[in-house]
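What's in upload14.csv: CSV, C-alpha atoms and all ligand atoms
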```csv
chain,number,residue,atom,x,y,z
S,1,MET,CA,0.0,0.0,0.0
S,2,MET,CA,1.2,3.5,-0.8
S,3,HIS,CA,1.6,6.0,2.1
S,4,SER,CA,0.7,9.6,1.6
S,5,PRO,CA,3.2,12.2,2.9
S,6,ALA,CA,0.7,12.8,5.7
S,7,ASP,CA,1.0,9.2,6.8
S,8,ALA,CA,4.8,9.3,6.7
S,9,ASP,CA,4.8,12.4,8.9
S,10,GLY,CA,2.8,10.5,11.5
S,11,ALA,CA,4.3,8.2,14.1
S,12,GLY,CA,6.9,5.4,14.2
S,13,ALA,CA,10.1,5.1,12.2
S,14,ALA,CA,9.0,7.5,9.5
S,15,GLY,CA,7.9,10.1,12.0
S,16,ASP,CA,11.4,9.9,13.7
S,17,ARG,CA,13.1,10.7,10.4
S,18,HIS,CA,11.3,13.9,9.5
S,19,GLU,CA,10.4,17.0,11.3
S,20,SER,CA,6.7,17.1,11.6
S,21,GLY,CA,4.8,18.3,8.5
S,22,THR,CA,7.9,19.3,6.4
S,23,ALA,CA,9.5,16.2,4.8
S,24,THR,CA,7.7,15.5,1.5
S,25,ARG,CA,10.7,14.9,-0.7
S,26,PRO,CA,13.9,12.8,-0.5
S,27,ARG,CA,16.8,14.5,1.2
S,28,PRO,CA,20.3,14.3,-0.1
S,29,GLY,CA,21.9,11.6,1.9
S,30,GLY,CA,25.5,10.7,2.9
S,31,MET,CA,27.2,14.1,3.0
S,32,PRO,CA,25.7,16.3,5.6
S,33,ASN,CA,26.6,19.5,3.7
S,34,ILE,CA,25.5,18.6,0.2
S,35,LEU,CA,23.1,21.6,-0.1
S,36,ALA,CA,25.9,23.9,1.0
S,37,LEU,CA,27.8,23.2,-2.2
S,38,ASP,CA,27.7,25.8,-5.0
S,39,GLY,CA,26.3,24.2,-8.1
S,40,TYR,CA,28.4,24.3,-11.3
S,41,GLY,CA,27.7,27.3,-13.5
S,42,THR,CA,24.6,28.3,-11.7
S,43,SER,CA,24.4,31.7,-13.5
S,44,ARG,CA,21.3,32.0,-15.7
S,45,PRO,CA,21.6,31.9,-19.4
S,46,PRO,CA,20.8,35.4,-21.0
S,47,GLU,CA,17.2,36.0,-21.9
S,48,VAL,CA,18.1,37.0,-25.4
S,49,PRO,CA,20.6,34.6,-27.0
S,50,LEU,CA,23.9,36.3,-27.6
S,51,ARG,CA,25.7,36.2,-30.9
S,52,TYR,CA,29.1,35.2,-29.6
S,53,ARG,CA,29.4,32.5,-27.0
S,54,LEU,CA,32.7,33.2,-25.3
S,55,SER,CA,31.8,32.0,-21.8
S,56,SER,CA,32.8,28.3,-21.7
S,57,ASN,CA,36.3,28.1,-23.3
S,58,GLU,CA,35.0,26.2,-26.2
S,59,ASN,CA,36.8,25.8,-29.5
S,60,SER,CA,35.1,28.0,-32.2
S,61,TYR,CA,36.4,26.2,-35.3
S,62,PRO,CA,33.9,24.2,-37.3
S,63,PRO,CA,34.4,20.4,-36.8
S,64,LEU,CA,36.9,18.7,-39.0
S,65,HIS,CA,35.2,16.6,-41.7
S,66,PRO,CA,36.9,13.2,-40.9
S,67,VAL,CA,35.9,13.6,-37.3
S,68,VAL,CA,32.3,14.2,-38.2
S,69,GLU,CA,32.4,11.2,-40.5
S,70,ALA,CA,33.8,9.0,-37.7
S,71,ILE,CA,31.0,10.2,-35.4
S,72,SER,CA,28.4,9.5,-38.1
S,73,ALA,CA,29.7,6.0,-38.6
S,74,ALA,CA,29.6,5.3,-34.8
S,75,ALA,CA,26.1,6.7,-34.7
S,76,ALA,CA,24.9,3.7,-36.8
S,77,SER,CA,24.9,1.4,-33.8
S,78,PRO,CA,23.3,3.1,-30.9
S,79,ASN,CA,21.9,-0.3,-29.7
S,80,LEU,CA,25.4,-1.5,-28.8
S,81,TYR,CA,27.2,-0.6,-25.6
S,82,PRO,CA,30.6,0.9,-26.1
S,83,PRO,CA,33.6,-1.1,-25.0
S,84,LEU,CA,33.8,-1.3,-21.2
S,85,VAL,CA,37.4,0.0,-21.5
S,86,PRO,CA,38.3,1.8,-24.7
S,87,PHE,CA,41.6,-0.1,-25.1
S,88,ALA,CA,42.3,1.0,-28.7
S,89,LEU,CA,42.0,4.7,-27.9
S,90,ALA,CA,44.0,4.2,-24.7
S,91,GLY,CA,46.7,2.6,-26.7
S,92,ARG,CA,46.9,5.5,-29.1
S,93,LEU,CA,46.9,8.0,-26.2
S,94,ALA,CA,49.7,6.1,-24.5
S,95,ALA,CA,51.7,6.2,-27.7
S,96,VAL,CA,51.1,10.0,-27.9
S,97,SER,CA,52.2,10.4,-24.3
S,98,GLY,CA,55.1,8.0,-24.5
S,99,VAL,CA,53.8,5.8,-21.8
S,100,ASP,CA,52.4,2.3,-21.5
S,101,PRO,CA,48.6,1.7,-22.1
S,102,LYS,CA,48.3,0.7,-18.5
S,103,ASN,CA,49.2,4.3,-17.6
S,104,VAL,CA,46.1,5.6,-19.3
S,105,TRP,CA,42.5,5.9,-18.1
S,106,ILE,CA,39.7,7.4,-20.3
S,107,GLY,CA,36.5,9.1,-19.0
S,108,ALA,CA,33.6,11.1,-20.2
S,109,GLY,CA,35.5,14.4,-20.1
S,110,SER,CA,38.5,15.1,-17.9
S,111,VAL,CA,36.1,16.4,-15.2
S,112,ALA,CA,34.7,12.9,-14.9
S,113,VAL,CA,38.2,11.5,-14.4
S,114,LEU,CA,38.9,14.2,-11.9
S,115,GLU,CA,35.7,13.2,-10.0
S,116,GLN,CA,36.9,9.5,-10.0
S,117,LEU,CA,40.3,10.5,-8.7
S,118,ILE,CA,38.8,12.6,-5.8
S,119,ARG,CA,36.3,9.9,-5.0
S,120,GLY,CA,39.0,7.3,-5.1
S,121,PHE,CA,41.5,9.1,-3.0
S,122,ALA,CA,39.7,11.4,-0.6
S,123,GLY,CA,36.9,10.7,1.8
S,124,PRO,CA,35.2,12.3,4.8
S,125,GLY,CA,37.7,14.4,6.8
S,126,ASP,CA,40.5,14.2,4.1
S,127,GLU,CA,41.8,17.5,2.8
S,128,VAL,CA,42.2,18.4,-0.8
S,129,ILE,CA,44.3,21.5,-1.6
S,130,PHE,CA,43.9,23.7,-4.7
S,131,GLY,CA,44.6,27.3,-5.7
S,132,TRP,CA,41.7,29.7,-5.7
S,133,ARG,CA,40.3,31.0,-7.8
S,134,SER,CA,40.6,28.0,-10.1
S,135,TYR,CA,38.3,25.7,-12.0
S,136,GLU,CA,35.0,25.9,-10.2
S,137,ALA,CA,34.3,22.2,-10.3
S,138,TYR,CA,37.1,21.5,-7.8
S,139,PRO,CA,35.4,22.5,-4.6
S,140,ILE,CA,32.1,20.9,-5.8
S,141,ILE,CA,33.7,17.6,-6.5
S,142,ILE,CA,35.7,17.6,-3.3
S,143,GLY,CA,32.7,18.6,-1.2
S,144,ALA,CA,30.5,16.0,-2.8
S,145,ALA,CA,33.0,13.3,-1.9
S,146,GLY,CA,32.7,14.4,1.7
S,147,ALA,CA,36.3,15.6,1.7
S,148,VAL,CA,37.4,19.1,2.9
S,149,PRO,CA,38.2,21.6,0.2
S,150,VAL,CA,41.3,23.7,1.1
S,151,PRO,CA,41.5,26.7,-1.3
S,152,VAL,CA,44.8,28.5,-1.2
S,153,PRO,CA,44.5,32.1,-2.5
S,154,LEU,CA,46.4,33.0,-5.7
S,155,ILE,CA,49.1,35.6,-5.6
S,156,GLY,CA,47.9,38.0,-8.2
S,157,HIS,CA,47.0,35.8,-11.2
S,158,ASP,CA,49.2,32.8,-10.1
S,159,GLN,CA,48.9,29.7,-8.0
S,160,ASP,CA,51.0,30.2,-4.9
S,161,LEU,CA,53.0,26.9,-4.9
S,162,ALA,CA,55.0,27.9,-1.8
S,163,ALA,CA,51.8,28.6,0.2
S,164,MET,CA,50.2,25.4,-1.1
S,165,ALA,CA,53.3,23.3,-0.1
S,166,ARG,CA,53.2,24.9,3.4
S,167,ARG,CA,49.5,24.0,3.7
S,168,VAL,CA,50.1,20.2,3.2
S,169,GLY,CA,49.6,18.4,6.4
S,170,SER,CA,48.8,15.0,7.8
S,171,ARG,CA,45.2,15.1,6.5
S,172,THR,CA,46.1,16.2,3.0
S,173,ARG,CA,45.3,13.4,0.6
S,174,VAL,CA,45.3,15.3,-2.7
S,175,VAL,CA,46.7,18.5,-4.2
S,176,ILE,CA,45.3,19.8,-7.5
S,177,LEU,CA,47.3,22.1,-9.7
S,178,CYS,CA,45.6,23.7,-12.7
S,179,ASN,CA,48.2,24.4,-15.4
S,180,PRO,CA,47.4,26.8,-17.0
S,181,ASN,CA,45.0,28.0,-14.4
S,182,ASN,CA,41.3,28.5,-15.3
S,183,PRO,CA,40.2,31.3,-15.1
S,184,THR,CA,43.4,33.4,-14.8
S,185,GLY,CA,45.2,31.6,-17.6
S,186,THR,CA,48.7,31.7,-16.1
S,187,ALA,CA,51.0,28.7,-16.5
S,188,LEU,CA,53.4,27.4,-13.8
S,189,SER,CA,57.0,27.1,-14.7
S,190,PRO,CA,58.5,23.6,-15.3
S,191,VAL,CA,61.1,24.2,-12.5
S,192,MET,CA,58.3,25.2,-10.0
S,193,LEU,CA,56.3,22.1,-11.0
S,194,ARG,CA,59.2,19.7,-10.7
S,195,THR,CA,60.2,21.2,-7.3
S,196,PHE,CA,56.6,21.0,-6.0
S,197,ALA,CA,56.2,17.4,-7.1
S,198,ALA,CA,59.5,16.4,-5.5
S,199,GLY,CA,58.5,18.0,-2.2
S,200,LEU,CA,55.1,16.4,-1.9
S,201,PRO,CA,54.7,13.4,0.5
S,202,ALA,CA,54.6,10.1,-1.5
S,203,ASP,CA,51.2,9.3,0.0
S,204,CYS,CA,49.6,12.5,-1.3
S,205,LEU,CA,48.2,12.4,-4.8
S,206,LEU,CA,49.2,15.3,-7.1
S,207,ILE,CA,46.6,16.0,-9.8
S,208,LEU,CA,48.0,18.1,-12.7
S,209,ASP,CA,45.0,19.4,-14.7
S,210,GLU,CA,46.4,20.2,-18.1
S,211,ALA,CA,43.1,20.9,-19.9
S,212,TYR,CA,44.6,23.9,-21.8
S,213,ARG,CA,48.2,22.7,-22.2
S,214,GLU,CA,48.2,22.9,-26.0
S,215,PHE,CA,47.9,26.7,-25.8
S,216,VAL,CA,51.0,27.2,-23.7
S,217,PRO,CA,53.9,28.9,-25.5
S,218,ALA,CA,56.6,26.4,-26.3
S,219,GLN,CA,59.2,28.2,-24.1
S,220,SER,CA,57.2,27.7,-20.9
S,221,ALA,CA,55.3,24.5,-21.8
S,222,PHE,CA,55.5,21.6,-19.4
S,223,ASP,CA,54.5,18.1,-20.2
S,224,GLY,CA,53.2,16.7,-16.9
S,225,THR,CA,53.6,13.1,-18.1
S,226,GLU,CA,57.3,13.7,-17.5
S,227,LEU,CA,56.5,13.5,-13.8
S,228,ILE,CA,54.8,10.1,-14.2
S,229,ARG,CA,58.2,8.5,-14.9
S,230,SER,CA,59.6,9.6,-11.6
S,231,HIS,CA,56.6,9.9,-9.3
S,232,ALA,CA,54.0,7.2,-8.5
S,233,ASN,CA,51.7,9.8,-6.9
S,234,VAL,CA,51.1,12.0,-9.9
S,235,ALA,CA,48.0,12.0,-12.2
S,236,VAL,CA,47.9,14.2,-15.3
S,237,LEU,CA,44.5,15.1,-16.7
S,238,ARG,CA,44.1,15.9,-20.4
S,239,THR,CA,41.0,16.6,-22.5
S,240,PHE,CA,39.6,16.5,-26.1
S,241,SER,CA,37.3,19.4,-25.2
S,242,LYS,CA,39.5,22.4,-25.8
S,243,ALA,CA,42.2,22.1,-28.5
S,244,HIS,CA,40.4,19.2,-30.2
S,245,GLY,CA,37.1,21.0,-30.2
S,246,LEU,CA,35.2,18.0,-28.9
S,247,ALA,CA,33.6,19.4,-25.7
S,248,GLY,CA,30.2,18.0,-26.7
S,249,MET,CA,31.6,14.5,-27.2
S,250,ARG,CA,32.9,14.2,-23.6
S,251,VAL,CA,36.3,12.6,-23.7
S,252,GLY,CA,39.2,13.2,-21.3
S,253,TYR,CA,41.8,11.0,-19.8
S,254,ALA,CA,44.4,10.6,-17.0
S,255,VAL,CA,48.0,9.5,-17.4
S,256,SER,CA,49.3,8.0,-14.1
S,257,ALA,CA,50.9,5.1,-12.4
S,258,PRO,CA,49.1,1.7,-12.9
S,259,ALA,CA,48.2,1.6,-9.2
S,260,ILE,CA,46.3,4.8,-9.5
S,261,ILE,CA,44.6,3.8,-12.8
S,262,ASP,CA,43.5,0.6,-11.0
S,263,VAL,CA,41.6,2.7,-8.5
S,264,LEU,CA,40.0,4.7,-11.2
S,265,ALA,CA,38.9,1.4,-12.9
S,266,ARG,CA,37.2,0.4,-9.6
S,267,VAL,CA,35.3,3.6,-8.9
S,268,ALA,CA,34.3,4.5,-12.5
S,269,LEU,CA,30.7,3.9,-13.7
S,270,PRO,CA,30.6,1.4,-16.6
S,271,PHE,CA,30.0,2.5,-20.2
S,272,THR,CA,30.1,6.2,-19.7
S,273,VAL,CA,32.4,6.9,-22.7
S,274,GLY,CA,30.1,6.4,-25.7
S,275,ARG,CA,31.0,5.0,-29.1
S,276,MET,CA,30.7,8.4,-30.9
S,277,ALA,CA,33.0,9.9,-28.3
S,278,ILE,CA,35.6,7.2,-28.8
S,279,ALA,CA,35.4,7.5,-32.6
S,280,ALA,CA,35.6,11.3,-32.5
S,281,ALA,CA,38.7,11.3,-30.3
S,282,SER,CA,40.4,8.7,-32.3
S,283,ALA,CA,39.7,10.5,-35.6
S,284,SER,CA,40.8,13.7,-34.1
S,285,LEU,CA,44.2,12.2,-33.2
S,286,ASP,CA,44.6,11.7,-36.9
S,287,GLN,CA,44.1,15.4,-37.6
S,288,HIS,CA,47.2,16.5,-35.7
S,289,THR,CA,48.4,19.0,-38.4
S,290,GLU,CA,45.0,20.8,-38.7
S,291,ILE,CA,44.5,20.9,-35.0
S,292,GLN,CA,48.0,22.4,-34.5
S,293,ALA,CA,47.2,25.0,-37.1
S,294,GLN,CA,44.0,25.9,-35.3
S,295,VAL,CA,45.8,26.1,-31.9
S,296,ARG,CA,48.5,28.4,-33.5
S,297,GLU,CA,45.7,30.7,-34.8
S,298,THR,CA,43.9,30.8,-31.4
S,299,VAL,CA,47.2,31.6,-29.7
S,300,ARG,CA,47.9,34.4,-32.2
S,301,GLU,CA,44.5,35.9,-31.6
S,302,ARG,CA,44.8,35.5,-27.9
S,303,ASP,CA,48.2,37.3,-27.8
S,304,ALA,CA,46.8,40.1,-30.0
S,305,LEU,CA,43.9,40.7,-27.6
S,306,ILE,CA,46.2,40.6,-24.6
S,307,GLN,CA,48.5,43.1,-26.3
S,308,LEU,CA,45.5,45.3,-27.1
S,309,ALA,CA,44.2,45.2,-23.5
S,310,ARG,CA,47.7,45.9,-22.1
S,311,GLY,CA,48.1,48.8,-24.4
S,312,LEU,CA,44.8,50.2,-23.2
S,313,GLY,CA,45.9,49.9,-19.5
S,314,LEU,CA,43.3,47.2,-18.7
S,315,PRO,CA,44.1,44.6,-16.0
S,316,VAL,CA,44.8,41.6,-18.3
S,317,SER,CA,46.7,38.5,-17.2
S,318,ALA,CA,49.5,36.7,-19.1
S,319,SER,CA,47.1,34.0,-20.2
S,320,ALA,CA,48.7,30.9,-21.7
S,321,ALA,CA,45.3,29.3,-22.4
S,322,ASN,CA,42.5,29.8,-25.0
S,323,PHE,CA,40.9,32.7,-23.0
S,324,LEU,CA,41.6,36.1,-21.5
S,325,TRP,CA,41.3,37.0,-17.9
S,326,LEU,CA,40.6,40.6,-17.0
S,327,SER,CA,40.7,41.3,-13.2
S,328,PHE,CA,38.2,44.1,-13.2
S,329,GLY,CA,37.2,43.5,-9.5
S,330,SER,CA,34.1,45.5,-8.7
S,331,ASP,CA,33.8,46.6,-12.3
S,332,SER,CA,33.4,43.0,-13.6
S,333,GLY,CA,29.6,43.2,-13.8
S,334,ALA,CA,29.7,46.5,-15.6
S,335,PHE,CA,32.1,45.2,-18.2
S,336,THR,CA,30.1,42.0,-18.6
S,337,ASP,CA,27.0,44.2,-19.3
S,338,ARG,CA,28.9,46.0,-22.0
S,339,CYS,CA,29.9,42.7,-23.6
S,340,ALA,CA,26.2,41.6,-23.5
S,341,ALA,CA,25.2,44.8,-25.2
S,342,ALA,CA,27.6,43.9,-28.0
S,343,SER,CA,26.0,40.4,-28.1
S,344,ILE,CA,29.1,38.8,-26.5
S,345,GLY,CA,28.6,36.2,-23.7
S,346,VAL,CA,31.5,36.1,-21.3
S,347,ARG,CA,32.0,34.6,-17.9
S,348,CYS,CA,31.8,37.0,-15.1
S,349,PHE,CA,33.1,36.2,-11.6
S,350,PRO,CA,31.5,39.1,-9.7
S,351,LEU,CA,33.9,41.3,-7.8
S,352,GLU,CA,36.9,39.3,-9.3
S,353,GLY,CA,37.1,39.4,-13.0
S,354,VAL,CA,35.9,38.4,-16.4
S,355,ARG,CA,37.0,35.5,-18.5
S,356,ILE,CA,36.6,35.7,-22.3
S,357,THR,CA,37.2,32.7,-24.5
S,358,VAL,CA,39.2,33.4,-27.7
S,359,GLY,CA,36.7,32.8,-30.5
S,360,SER,CA,36.3,33.3,-34.2
S,361,ALA,CA,38.1,36.3,-35.9
S,362,GLN,CA,34.7,38.0,-35.9
S,363,ALA,CA,34.0,37.4,-32.3
S,364,ASN,CA,37.5,38.5,-31.3
S,365,ALA,CA,37.1,41.7,-33.3
S,366,ALA,CA,33.8,42.3,-31.4
S,367,VAL,CA,35.8,41.8,-28.1
S,368,ALA,CA,38.5,44.2,-29.2
S,369,GLY,CA,35.7,46.7,-29.9
S,370,VAL,CA,34.3,46.4,-26.4
S,371,LEU,CA,37.8,46.7,-24.9
S,372,ASN,CA,38.5,49.9,-26.8
S,373,GLU,CA,35.2,51.4,-25.9
S,374,TYR,CA,35.5,50.4,-22.2
S,375,ALA,CA,39.0,51.8,-21.9
S,376,GLY,CA,37.7,55.0,-23.5
S,377,VAL,CA,35.0,55.3,-20.9
S,378,LEU,CA,37.6,54.7,-18.1
S,379,ASP,CA,39.7,57.5,-19.6
S,380,ARG,CA,36.9,60.0,-19.4
N,401,LIG,C1,40.8,23.5,-15.9
N,401,LIG,C2,39.7,22.6,-16.4
N,401,LIG,N1,39.8,21.3,-16.2
N,401,LIG,C3,38.9,20.4,-16.6
N,401,LIG,C4,37.8,20.9,-17.4
N,401,LIG,C5,36.8,19.9,-17.9
N,401,LIG,O1,36.9,19.6,-19.2
N,401,LIG,P1,36.2,18.3,-19.8
N,401,LIG,O2,35.4,17.7,-18.7
N,401,LIG,O3,35.3,18.9,-20.9
N,401,LIG,O4,37.3,17.5,-20.3
N,401,LIG,C6,37.7,22.2,-17.7
N,401,LIG,C7,36.6,22.7,-18.5
N,401,LIG,O5,36.4,23.9,-18.7
N,401,LIG,C8,38.7,23.1,-17.2
N,401,LIG,O6,38.6,24.4,-17.4
```

Translate the structure of the given file into structure tokens.
Amino acid sequence: MMHSPADADGAGAAGDRHESGTATRPRPGGMPNILALDGYGTSRPPEVPLRYRLSSNENSYPPLHPVVEAISAAAASPNLYPPLVPFALAGRLAAVSGVDPKNVWIGAGSVAVLEQLIRGFAGPGDEVIFGWRSYEAYPIIIGAAGAVPVPVPLIGHDQDLAAMARRVGSRTRVVILCNPNNPTGTALSPVMLRTFAAGLPADCLLILDEAYREFVPAQSAFDGTELIRSHANVAVLRTFSKAHGLAGMRVGYAVSAPAIIDVLARVALPFTVGRMAIAAASASLDQHTEIQAQVRETVRERDALIQLARGLGLPVSASAANFLWLSFGSDSGAFTDRCAAASIGVRCFPLEGVRITVGSAQANAAVAGVLNEYAGVLDR
């Protein structure tokens, strides 16, 4: 027999579980503070769709034809589960990274692999350190795992590795470094990264989130997989969402020691990386030359916008990613409104700054227009 909510609020076990007269829906279980977590990207979409979508660090290039063909071919068998573990793609990624396939784990976007890492290595009471501000999913994922988020303030636009190292204690299970950092765009130097990894206790996992690594200038670029060879406690995260332009397909991966990959294999939900996603990523690996050309163009456009903003005296960071960061502080909302008026959607972090994805040439020209206009207003 079904019980009405009124029945459930009555006596007995059900009555003990709910305050009288209030509990008519399931409550989030497990973590006591789940409703205290900020949701991801909770800002509302604009009421009028904007012409340029520069708020999510997506790739603005049209998809490459062979990639679309591979997706179409895979779409012909939606009745079949994808492989439980995409071994063929893992093999290719291992070859690209110069590691063994048993060092690679693929997930439905790098954020899914990050979630598996946190769930696998941090539980209630464990601390996870990360710079702040950084990728907004970090505190959500850590909190949802019941672990304790430990944000360490940036120095200016940069992650403060010295302060993060000092914060490591007996309860620290994981440290996340975002290189380059989202949303400020700055990259950590190879020397700093090597020193930080060497100083971390061996039982503490270091996650190096390299979602934007393809956009880092060659002279300061660091390949985190270098650390895998010397450290058993490092996991590098990579994605097909940015340089490869496959954000909608959801493919990301970790490169790490086999013991860490083994934990990921245990906590991951089965069959989350679909056939079309696997096919798209695999086909995209064949398009290396075209993707490199797109990345070069994005970098060129980014650097031109940074130079423009600097020349105008605007507070722009030295971004090494596919976006700009302007630390407008309390003016962030006003600048965002100006962008919206020019039909440009950007990501506003109220009182902190504004992140603008490098888009098409047309979109970037529109951004340049707003920067010029805004600097003109400030001058008056
Ligand atoms: C720093 C960083 N890491 C990870 C991700 C997640 O990327 P995906 O899950 O699409 O691979 C993003 C997405 O914007 C990001 O900015």

Which residues sit within 10 Å of ligand LIG 401 (chain N), counting only C-alpha atoms and all ligand atoms, listed as a PDB file with C-alpha atoms, in the frame of the given file?
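Writing the result to part_10.pdb gives the following:
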```
ATOM      1  CA  SER S  55      31.800  32.000 -21.800  1.00  0.00           C
ATOM      2  CA  SER S  56      32.800  28.300 -21.700  1.00  0.00           C
ATOM      3  CA  ASN S  57      36.300  28.100 -23.300  1.00  0.00           C
ATOM      4  CA  GLU S  58      35.000  26.200 -26.200  1.00  0.00           C
ATOM      5  CA  GLY S 107      36.500   9.100 -19.000  1.00  0.00           C
ATOM      6  CA  ALA S 108      33.600  11.100 -20.200  1.00  0.00           C
ATOM      7  CA  GLY S 109      35.500  14.400 -20.100  1.00  0.00           C
ATOM      8  CA  SER S 110      38.500  15.100 -17.900  1.00  0.00           C
ATOM      9  CA  VAL S 111      36.100  16.400 -15.200  1.00  0.00           C
ATOM     10  CA  ALA S 112      34.700  12.900 -14.900  1.00  0.00           C
ATOM     11  CA  VAL S 113      38.200  11.500 -14.400  1.00  0.00           C
ATOM     12  CA  LEU S 114      38.900  14.200 -11.900  1.00  0.00           C
ATOM     13  CA  GLU S 115      35.700  13.200 -10.000  1.00  0.00           C
ATOM     14  CA  SER S 134      40.600  28.000 -10.100  1.00  0.00           C
ATOM     15  CA  TYR S 135      38.300  25.700 -12.000  1.00  0.00           C
ATOM     16  CA  GLU S 136      35.000  25.900 -10.200  1.00  0.00           C
ATOM     17  CA  ALA S 137      34.300  22.200 -10.300  1.00  0.00           C
ATOM     18  CA  TYR S 138      37.100  21.500  -7.800  1.00  0.00           C
ATOM     19  CA  LEU S 177      47.300  22.100  -9.700  1.00  0.00           C
ATOM     20  CA  CYS S 178      45.600  23.700 -12.700  1.00  0.00           C
ATOM     21  CA  ASN S 179      48.200  24.400 -15.400  1.00  0.00           C
ATOM     22  CA  PRO S 180      47.400  26.800 -17.000  1.00  0.00           C
ATOM     23  CA  ASN S 181      45.000  28.000 -14.400  1.00  0.00           C
ATOM     24  CA  ASN S 182      41.300  28.500 -15.300  1.00  0.00           C
ATOM     25  CA  PRO S 183      40.200  31.300 -15.100  1.00  0.00           C
ATOM     26  CA  GLY S 185      45.200  31.600 -17.600  1.00  0.00           C
ATOM     27  CA  LEU S 208      48.000  18.100 -12.700  1.00  0.00           C
ATOM     28  CA  ASP S 209      45.000  19.400 -14.700  1.00  0.00           C
ATOM     29  CA  GLU S 210      46.400  20.200 -18.100  1.00  0.00           C
ATOM     30  CA  ALA S 211      43.100  20.900 -19.900  1.00  0.00           C
ATOM     31  CA  TYR S 212      44.600  23.900 -21.800  1.00  0.00           C
ATOM     32  CA  ARG S 213      48.200  22.700 -22.200  1.00  0.00           C
ATOM     33  CA  LEU S 237      44.500  15.100 -16.700  1.00  0.00           C
ATOM     34  CA  ARG S 238      44.100  15.900 -20.400  1.00  0.00           C
ATOM     35  CA  THR S 239      41.000  16.600 -22.500  1.00  0.00           C
ATOM     36  CA  PHE S 240      39.600  16.500 -26.100  1.00  0.00           C
ATOM     37  CA  SER S 241      37.300  19.400 -25.200  1.00  0.00           C
ATOM     38  CA  LYS S 242      39.500  22.400 -25.800  1.00  0.00           C
ATOM     39  CA  GLY S 245      37.100  21.000 -30.200  1.00  0.00           C
ATOM     40  CA  LEU S 246      35.200  18.000 -28.900  1.00  0.00           C
ATOM     41  CA  ALA S 247      33.600  19.400 -25.700  1.00  0.00           C
ATOM     42  CA  GLY S 248      30.200  18.000 -26.700  1.00  0.00           C
ATOM     43  CA  MET S 249      31.600  14.500 -27.200  1.00  0.00           C
ATOM     44  CA  ARG S 250      32.900  14.200 -23.600  1.00  0.00           C
ATOM     45  CA  VAL S 251      36.300  12.600 -23.700  1.00  0.00           C
ATOM     46  CA  GLY S 252      39.200  13.200 -21.300  1.00  0.00           C
ATOM     47  CA  TYR S 253      41.800  11.000 -19.800  1.00  0.00           C
ATOM     48  CA  ALA S 321      45.300  29.300 -22.400  1.00  0.00           C
TER      49      ALA S 321
END
```

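Across the structure, atom CA of Arg166 of chain S and atom CA of Pro149 of chain S are spaced 15.7 Å apart.
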
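A straight line drawn from atom CA of Ala187 of chain S to atom CA of Ile306 of chain S is 15.2 Å long.
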
Of the residues S:Val255, S:Ala361, S:Ala334, S:Leu269, which is the one nearest to Val99 of chain S, using all atoms listed in the file?
-> S:Val255

When you draw a straight line from atom CA of Ile129 of chain S to atom CA of Ile142 of chain S, how long is it in Å?
-> 9.6 Å

Would you write out, as a tab-separated table, a table of all residues in segment 95-212 of chain S that have an atom no more than 9 Å from an atom of segment 82-88 of chain S, listing for each the closest atom pair and the distance in Å to one decimal, considering all atoms listed in the file and ordering rows by chain and rising residue number?
```
residue	atom	partner	partner_atom	distance
S:Pro101	CA	S:Phe87	CA	7.8
S:Trp105	CA	S:Val85	CA	8.5
S:Ile106	CA	S:Pro86	CA	7.3
```
